[in-house]
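Here's entry.pdb, which has PDB, C-alpha atoms:
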```pdb
ATOM      1  CA  MET A 153     -67.730   7.454   4.583  1.00  0.00           C
ATOM      2  CA  SER A 154     -66.603   5.812   1.389  1.00  0.00           C
ATOM      3  CA  GLU A 155     -65.309   2.284   1.333  1.00  0.00           C
ATOM      4  CA  TYR A 156     -61.593   1.905   0.735  1.00  0.00           C
ATOM      5  CA  VAL A 157     -59.952  -0.667  -1.501  1.00  0.00           C
ATOM      6  CA  PRO A 158     -56.729  -2.005   0.039  1.00  0.00           C
ATOM      7  CA  MET A 159     -53.971  -2.932  -2.400  1.00  0.00           C
ATOM      8  CA  THR A 160     -50.240  -3.070  -2.772  1.00  0.00           C
ATOM      9  CA  GLN A 161     -48.367  -0.716  -5.053  1.00  0.00           C
ATOM     10  CA  ALA A 162     -47.945  -3.633  -7.499  1.00  0.00           C
ATOM     11  CA  GLY A 163     -51.709  -4.228  -7.551  1.00  0.00           C
ATOM     12  CA  TYR A 164     -52.303  -0.511  -8.130  1.00  0.00           C
ATOM     13  CA  GLU A 165     -49.875  -0.497 -11.067  1.00  0.00           C
ATOM     14  CA  LYS A 166     -51.475  -3.632 -12.551  1.00  0.00           C
ATOM     15  CA  ILE A 167     -54.919  -2.014 -12.537  1.00  0.00           C
ATOM     16  CA  ARG A 168     -53.525   1.226 -13.964  1.00  0.00           C
ATOM     17  CA  ALA A 169     -51.843  -0.721 -16.784  1.00  0.00           C
ATOM     18  CA  GLU A 170     -55.132  -2.497 -17.555  1.00  0.00           C
ATOM     19  CA  ILE A 171     -56.943   0.854 -17.811  1.00  0.00           C
ATOM     20  CA  GLU A 172     -54.266   2.154 -20.176  1.00  0.00           C
ATOM     21  CA  ARG A 173     -54.514  -1.021 -22.292  1.00  0.00           C
ATOM     22  CA  LEU A 174     -58.283  -0.695 -22.526  1.00  0.00           C
ATOM     23  CA  GLU A 175     -58.203   3.009 -23.387  1.00  0.00           C
ATOM     24  CA  ASN A 176     -55.190   3.003 -25.721  1.00  0.00           C
ATOM     25  CA  GLU A 177     -55.453  -0.369 -27.465  1.00  0.00           C
ATOM     26  CA  GLU A 178     -58.871  -2.010 -27.194  1.00  0.00           C
ATOM     27  CA  MET A 179     -61.184   1.005 -27.408  1.00  0.00           C
ATOM     28  CA  PRO A 180     -59.493   2.576 -30.478  1.00  0.00           C
ATOM     29  CA  LYS A 181     -59.812  -0.754 -32.349  1.00  0.00           C
ATOM     30  CA  VAL A 182     -63.522  -0.907 -31.535  1.00  0.00           C
ATOM     31  CA  ARG A 183     -63.998   2.753 -32.528  1.00  0.00           C
ATOM     32  CA  GLU A 184     -62.385   2.028 -35.920  1.00  0.00           C
ATOM     33  CA  ALA A 185     -64.650  -0.979 -36.455  1.00  0.00           C
ATOM     34  CA  LEU A 186     -67.629   1.130 -35.363  1.00  0.00           C
ATOM     35  CA  ALA A 187     -66.759   3.844 -37.907  1.00  0.00           C
ATOM     36  CA  ALA A 188     -66.404   1.228 -40.656  1.00  0.00           C
ATOM     37  CA  ALA A 189     -69.760  -0.302 -39.747  1.00  0.00           C
ATOM     38  CA  ARG A 190     -71.392   3.148 -39.649  1.00  0.00           C
ATOM     39  CA  ALA A 191     -70.087   3.830 -43.161  1.00  0.00           C
ATOM     40  CA  GLU A 192     -72.010   0.820 -44.483  1.00  0.00           C
ATOM     41  CA  GLY A 193     -75.294   2.724 -44.412  1.00  0.00           C
ATOM     42  CA  ASP A 194     -78.627   2.061 -42.710  1.00  0.00           C
ATOM     43  CA  LEU A 195     -77.877   1.767 -39.001  1.00  0.00           C
ATOM     44  CA  ARG A 196     -81.269   0.319 -38.028  1.00  0.00           C
ATOM     45  CA  GLU A 197     -80.469  -3.071 -39.531  1.00  0.00           C
ATOM     46  CA  ASN A 198     -76.694  -2.994 -39.208  1.00  0.00           C
ATOM     47  CA  ALA A 199     -75.820  -5.771 -36.737  1.00  0.00           C
ATOM     48  CA  GLU A 200     -72.091  -5.037 -36.938  1.00  0.00           C
ATOM     49  CA  TYR A 201     -72.682  -1.418 -35.897  1.00  0.00           C
ATOM     50  CA  HIS A 202     -74.872  -2.397 -32.952  1.00  0.00           C
ATOM     51  CA  GLY A 203     -72.412  -5.099 -31.868  1.00  0.00           C
ATOM     52  CA  GLN A 204     -69.482  -2.679 -31.914  1.00  0.00           C
ATOM     53  CA  ARG A 205     -71.482  -0.086 -29.930  1.00  0.00           C
ATOM     54  CA  GLU A 206     -72.240  -2.733 -27.307  1.00  0.00           C
ATOM     55  CA  THR A 207     -68.585  -3.796 -27.145  1.00  0.00           C
ATOM     56  CA  LEU A 208     -67.454  -0.175 -26.754  1.00  0.00           C
ATOM     57  CA  GLY A 209     -69.988   0.307 -23.958  1.00  0.00           C
ATOM     58  CA  MET A 210     -68.723  -2.770 -22.105  1.00  0.00           C
ATOM     59  CA  LEU A 211     -65.083  -1.685 -22.428  1.00  0.00           C
ATOM     60  CA  THR A 212     -65.959   1.802 -21.194  1.00  0.00           C
ATOM     61  CA  ALA A 213     -67.845   0.353 -18.215  1.00  0.00           C
ATOM     62  CA  LYS A 214     -64.900  -1.911 -17.337  1.00  0.00           C
ATOM     63  CA  ALA A 215     -62.428   0.994 -17.536  1.00  0.00           C
ATOM     64  CA  ASN A 216     -64.710   3.134 -15.352  1.00  0.00           C
ATOM     65  CA  GLN A 217     -65.041   0.328 -12.789  1.00  0.00           C
ATOM     66  CA  LEU A 218     -61.250   0.000 -12.603  1.00  0.00           C
ATOM     67  CA  LYS A 219     -60.862   3.783 -12.288  1.00  0.00           C
ATOM     68  CA  ALA A 220     -63.325   3.731  -9.378  1.00  0.00           C
ATOM     69  CA  LYS A 221     -61.179   1.089  -7.645  1.00  0.00           C
ATOM     70  CA  LEU A 222     -58.114   3.269  -8.044  1.00  0.00           C
ATOM     71  CA  ALA A 223     -59.991   6.304  -6.750  1.00  0.00           C
ATOM     72  CA  LEU A 224     -60.766   4.390  -3.544  1.00  0.00           C
ATOM     73  CA  ALA A 225     -57.354   2.721  -3.339  1.00  0.00           C
ATOM     74  CA  THR A 226     -55.385   2.673  -0.130  1.00  0.00           C
ATOM     75  CA  ILE A 227     -51.836   1.470  -0.614  1.00  0.00           C
ATOM     76  CA  VAL A 228     -50.971  -0.886   2.242  1.00  0.00           C
ATOM     77  CA  ASP A 229     -47.469  -0.955   3.698  1.00  0.00           C
ATOM     78  CA  GLU A 230     -47.241  -4.623   4.626  1.00  0.00           C
ATOM     79  CA  SER A 231     -44.124  -4.051   6.735  1.00  0.00           C
ATOM     80  CA  LYS A 232     -46.223  -2.183   9.317  1.00  0.00           C
ATOM     81  CA  LEU A 233     -48.793  -4.937   9.807  1.00  0.00           C
ATOM     82  CA  PRO A 234     -48.752  -7.327  12.784  1.00  0.00           C
ATOM     83  CA  ARG A 235     -47.147 -10.700  12.054  1.00  0.00           C
ATOM     84  CA  ASP A 236     -48.813 -12.722  14.828  1.00  0.00           C
ATOM     85  CA  LYS A 237     -52.318 -12.551  13.385  1.00  0.00           C
ATOM     86  CA  VAL A 238     -54.001 -12.639  10.006  1.00  0.00           C
ATOM     87  CA  ALA A 239     -53.681  -9.332   8.151  1.00  0.00           C
ATOM     88  CA  PHE A 240     -53.353  -8.061   4.597  1.00  0.00           C
ATOM     89  CA  GLY A 241     -50.702 -10.052   2.713  1.00  0.00           C
ATOM     90  CA  ALA A 242     -50.822 -13.078   5.000  1.00  0.00           C
ATOM     91  CA  THR A 243     -50.758 -16.611   3.706  1.00  0.00           C
ATOM     92  CA  VAL A 244     -52.997 -18.591   6.003  1.00  0.00           C
ATOM     93  CA  ARG A 245     -52.911 -22.394   6.180  1.00  0.00           C
ATOM     94  CA  VAL A 246     -56.193 -23.694   7.571  1.00  0.00           C
ATOM     95  CA  MET A 247     -57.914 -26.988   8.255  1.00  0.00           C
ATOM     96  CA  ASP A 248     -61.383 -27.112   6.732  1.00  0.00           C
ATOM     97  CA  LEU A 249     -63.230 -28.661   9.661  1.00  0.00           C
ATOM     98  CA  ASP A 250     -66.129 -29.830   7.494  1.00  0.00           C
ATOM     99  CA  LEU A 251     -64.045 -31.575   4.818  1.00  0.00           C
ATOM    100  CA  ASP A 252     -61.043 -32.437   7.029  1.00  0.00           C
ATOM    101  CA  GLU A 253     -58.699 -30.983   4.384  1.00  0.00           C
ATOM    102  CA  GLU A 254     -55.942 -28.391   4.563  1.00  0.00           C
ATOM    103  CA  GLU A 255     -56.188 -25.283   2.421  1.00  0.00           C
ATOM    104  CA  SER A 256     -54.127 -22.135   2.002  1.00  0.00           C
ATOM    105  CA  PHE A 257     -55.293 -18.608   1.285  1.00  0.00           C
ATOM    106  CA  THR A 258     -53.192 -15.544   0.588  1.00  0.00           C
ATOM    107  CA  LEU A 259     -55.039 -12.312   1.356  1.00  0.00           C
ATOM    108  CA  VAL A 260     -54.343  -9.791  -1.389  1.00  0.00           C
ATOM    109  CA  GLY A 261     -55.634  -6.464  -2.582  1.00  0.00           C
ATOM    110  CA  ALA A 262     -57.518  -5.474  -5.698  1.00  0.00           C
ATOM    111  CA  GLY A 263     -55.717  -6.340  -8.919  1.00  0.00           C
ATOM    112  CA  GLU A 264     -53.832  -9.262  -7.406  1.00  0.00           C
ATOM    113  CA  GLU A 265     -56.657 -11.727  -6.802  1.00  0.00           C
ATOM    114  CA  ASP A 266     -56.497 -15.141  -8.467  1.00  0.00           C
ATOM    115  CA  TYR A 267     -58.895 -17.556  -6.835  1.00  0.00           C
ATOM    116  CA  ASP A 268     -57.514 -20.526  -8.792  1.00  0.00           C
ATOM    117  CA  THR A 269     -54.143 -20.098  -7.049  1.00  0.00           C
ATOM    118  CA  GLY A 270     -55.557 -19.282  -3.605  1.00  0.00           C
ATOM    119  CA  LYS A 271     -55.108 -15.498  -3.768  1.00  0.00           C
ATOM    120  CA  TYR A 272     -58.274 -14.104  -2.206  1.00  0.00           C
ATOM    121  CA  LEU A 273     -59.268 -10.472  -1.833  1.00  0.00           C
ATOM    122  CA  VAL A 274     -58.848  -9.303   1.736  1.00  0.00           C
ATOM    123  CA  THR A 275     -62.343  -7.808   1.344  1.00  0.00           C
ATOM    124  CA  SER A 276     -63.903 -11.170   0.324  1.00  0.00           C
ATOM    125  CA  PRO A 277     -66.021 -13.097   2.848  1.00  0.00           C
ATOM    126  CA  ILE A 278     -63.140 -15.514   3.510  1.00  0.00           C
ATOM    127  CA  GLY A 279     -60.653 -12.661   3.849  1.00  0.00           C
ATOM    128  CA  GLN A 280     -62.893 -10.751   6.239  1.00  0.00           C
ATOM    129  CA  GLY A 281     -63.583 -13.899   8.261  1.00  0.00           C
ATOM    130  CA  LEU A 282     -59.871 -14.613   8.740  1.00  0.00           C
ATOM    131  CA  LEU A 283     -58.670 -11.066   9.493  1.00  0.00           C
ATOM    132  CA  GLY A 284     -57.377 -10.594  13.012  1.00  0.00           C
ATOM    133  CA  LYS A 285     -57.379 -14.303  13.878  1.00  0.00           C
ATOM    134  CA  LYS A 286     -54.391 -16.142  15.355  1.00  0.00           C
ATOM    135  CA  VAL A 287     -52.960 -19.651  15.038  1.00  0.00           C
ATOM    136  CA  GLY A 288     -55.265 -22.106  16.808  1.00  0.00           C
ATOM    137  CA  ASP A 289     -58.385 -19.969  16.388  1.00  0.00           C
ATOM    138  CA  LYS A 290     -61.467 -21.622  14.953  1.00  0.00           C
ATOM    139  CA  VAL A 291     -63.693 -19.530  12.745  1.00  0.00           C
ATOM    140  CA  GLU A 292     -67.023 -19.981  10.994  1.00  0.00           C
ATOM    141  CA  ILE A 293     -67.438 -17.889   7.855  1.00  0.00           C
ATOM    142  CA  SER A 294     -70.623 -17.215   5.915  1.00  0.00           C
ATOM    143  CA  VAL A 295     -70.051 -17.564   2.181  1.00  0.00           C
ATOM    144  CA  PRO A 296     -72.594 -17.511  -0.654  1.00  0.00           C
ATOM    145  CA  LYS A 297     -73.068 -21.298  -0.549  1.00  0.00           C
ATOM    146  CA  GLY A 298     -73.432 -21.540   3.238  1.00  0.00           C
ATOM    147  CA  LYS A 299     -71.057 -21.604   6.181  1.00  0.00           C
ATOM    148  CA  ILE A 300     -67.537 -22.987   6.295  1.00  0.00           C
ATOM    149  CA  SER A 301     -65.493 -23.729   9.400  1.00  0.00           C
ATOM    150  CA  PHE A 302     -61.730 -23.433   9.618  1.00  0.00           C
ATOM    151  CA  GLU A 303     -59.042 -23.864  12.224  1.00  0.00           C
ATOM    152  CA  ILE A 304     -56.015 -21.670  11.604  1.00  0.00           C
ATOM    153  CA  LEU A 305     -52.863 -23.797  11.468  1.00  0.00           C
ATOM    154  CA  GLU A 306     -50.216 -21.336  10.303  1.00  0.00           C
ATOM    155  CA  ILE A 307     -49.815 -17.680   9.365  1.00  0.00           C
ATOM    156  CA  SER A 308     -46.895 -16.567   7.232  1.00  0.00           C
ATOM    157  CA  TYR A 309     -45.836 -13.503   5.300  1.00  0.00           C
ATOM    158  CA  SER A 310     -43.612 -13.322   2.250  1.00  0.00           C
ATOM    159  CA  GLU A 311     -40.611 -11.077   2.643  1.00  0.00           C
ATOM    160  CA  ALA A 312     -40.809  -8.522  -0.135  1.00  0.00           C
TER     161      ALA A 312
END
```
Let's see the structure in the file written out as structure tokens.
Amino acid sequence: MSEYVPMTQAGYEKIRAEIERLENEEMPKVREALAAARAEGDLRENAEYHGQRETLGMLTAKANQLKAKLALATIVDESKLPRDKVAFGATVRVMDLDLDEEESFTLVGAGEEDYDTGKYLVTSPIGQGLLGKKVGDKVEISVPKGKISFEILEISYSEA
């Protein structure tokens, strides 16, 4: 079966707006610059033309990637999730057992992630490692740079 991409309605709308921005603002600008560069003559040695083609290709790939996320999107109704364990939308306060420091993670869907502010994708290694756990549970999670160990101190949900 195909993998689903959990997200809130707000995350879905954010991704949809980004696709529209790419297709209706960014790509037309690049197409205009591409046409102007093409008009300059010999395309074999026209660096501007080749640069604009590459930029258009990258924008198209990004828009297609975002469209694929939306095609696999599953809108999550956070009000129907359990509140006594870690689930989508939870803010989890943990003790990093290796560093003896507290950290907080909010598990979000596609389009809402911001790792600098502690908003992690629920499908990330940390998100997957915390899902279903309860306060007091200790968990060891494999991440790209090794293993990290947490003890769950608190689970909370924002009231939307």
Item checked: Counting only C-alpha atoms, the option among A:Leu174, A:Leu233, A:Ala189, A:Met179 closest to Leu208 of chain A ->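 With only C-alpha atoms as the atom set, the closest residue is A:Met179.
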Item checked: Interatomic distance, atom CA of Ser308 of chain A to atom CA of Glu265 of chain A (Å, one decimal) ->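 Straight-line distance from atom CA of Ser308 of chain A to atom CA of Glu265 of chain A works out to 17.8 Å.
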Margin query: I need the residue nearest Lys221 of chain A from this list: A:Leu273, A:Ile304, A:Leu282, A:Ala262. Use all atoms listed in the file for the distance.
Written below: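 Counting all atoms listed in the file, the residue closest to Lys221 of chain A is A:Ala262.
As for atom CA of Tyr272 of chain A and atom CA of Met247 of chain A, they are spaced 16.6 Å apart.
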Notebook entry, point to check: Mind telling me what the PyMOL selection byres ((chain A and resi 211) around 12) catches here, as JSON, numbers by chain?
Noted result: {"A": [170, 171, 172, 173, 174, 175, 176, 177, 178, 179, 180, 181, 182, 183, 204, 205, 206, 207, 208, 209, 210, 212, 213, 214, 215, 216, 217, 218]}
Next item on the list: Would you mind telling me which residue in A:Asp252, A:Glu292, A:Glu306, A:Glu184 lies nearest to Ile278 of chain A when using only C-alpha atoms?
Entry: A:Glu292
Notebook entry, point to check: Using only C-alpha atoms, which of A:Tyr309, A:Phe240, A:Phe302, A:Tyr201 sits nearest Ser276 of chain A?
Noted result: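 Under the stated criterion, the closest residue is A:Phe240.
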Could you list, as a short mmCIF file (atom, residue, chain, number, x, y, z; two decimals) with C-alpha atoms, in the coordinates of the input, every residue matched by the PyMOL selection byres ((chain A and resi 162) around 12) in this structure?
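What landed in selection_13.cif:
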```cif
data_model
loop_
_atom_site.label_atom_id
_atom_site.label_comp_id
_atom_site.auth_asym_id
_atom_site.auth_seq_id
_atom_site.Cartn_x
_atom_site.Cartn_y
_atom_site.Cartn_z
CA PRO A 158 -56.73 -2.00 0.04
CA MET A 159 -53.97 -2.93 -2.40
CA THR A 160 -50.24 -3.07 -2.77
CA GLN A 161 -48.37 -0.72 -5.05
CA GLY A 163 -51.71 -4.23 -7.55
CA TYR A 164 -52.30 -0.51 -8.13
CA GLU A 165 -49.88 -0.50 -11.07
CA LYS A 166 -51.48 -3.63 -12.55
CA ILE A 167 -54.92 -2.01 -12.54
CA ARG A 168 -53.52 1.23 -13.96
CA ALA A 169 -51.84 -0.72 -16.78
CA ILE A 227 -51.84 1.47 -0.61
CA VAL A 228 -50.97 -0.89 2.24
CA ASP A 229 -47.47 -0.96 3.70
CA VAL A 260 -54.34 -9.79 -1.39
CA GLY A 261 -55.63 -6.46 -2.58
CA ALA A 262 -57.52 -5.47 -5.70
CA GLY A 263 -55.72 -6.34 -8.92
CA GLU A 264 -53.83 -9.26 -7.41
CA GLU A 265 -56.66 -11.73 -6.80
CA ALA A 312 -40.81 -8.52 -0.14
#
```
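For the set A:Val246, A:Thr269, A:Gly281, A:Glu254, the residue with the smallest atom-to-atom gap to Glu303 of chain A is A:Val246, counting all atoms listed in the file.
For the choices A:Asp236, A:Val295, A:Leu283, A:Asn198, the atom-to-atom distance to Leu259 of chain A is smallest for A:Leu283 when using all atoms listed in the file.
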Check: What gap, in Å, lies between atom CA of Glu155 of chain A and atom CA of Lys219 of chain A?
Finding: 14.4 Å
Item checked: Residue contacts of Gly270 of chain A (7 Å, all atoms listed in the file) excluding same-chain residues fewer than 3 positions away, as a ChimeraX atom specification -> /A:256-258,266-267
Check: If you count only C-alpha atoms, which residues fall within 7 Å of Ser301 of chain A, apart from same-chain ones fewer than 5 positions away, as a PyMOL selection string?
Finding: chain A and resi 248-250+291-293
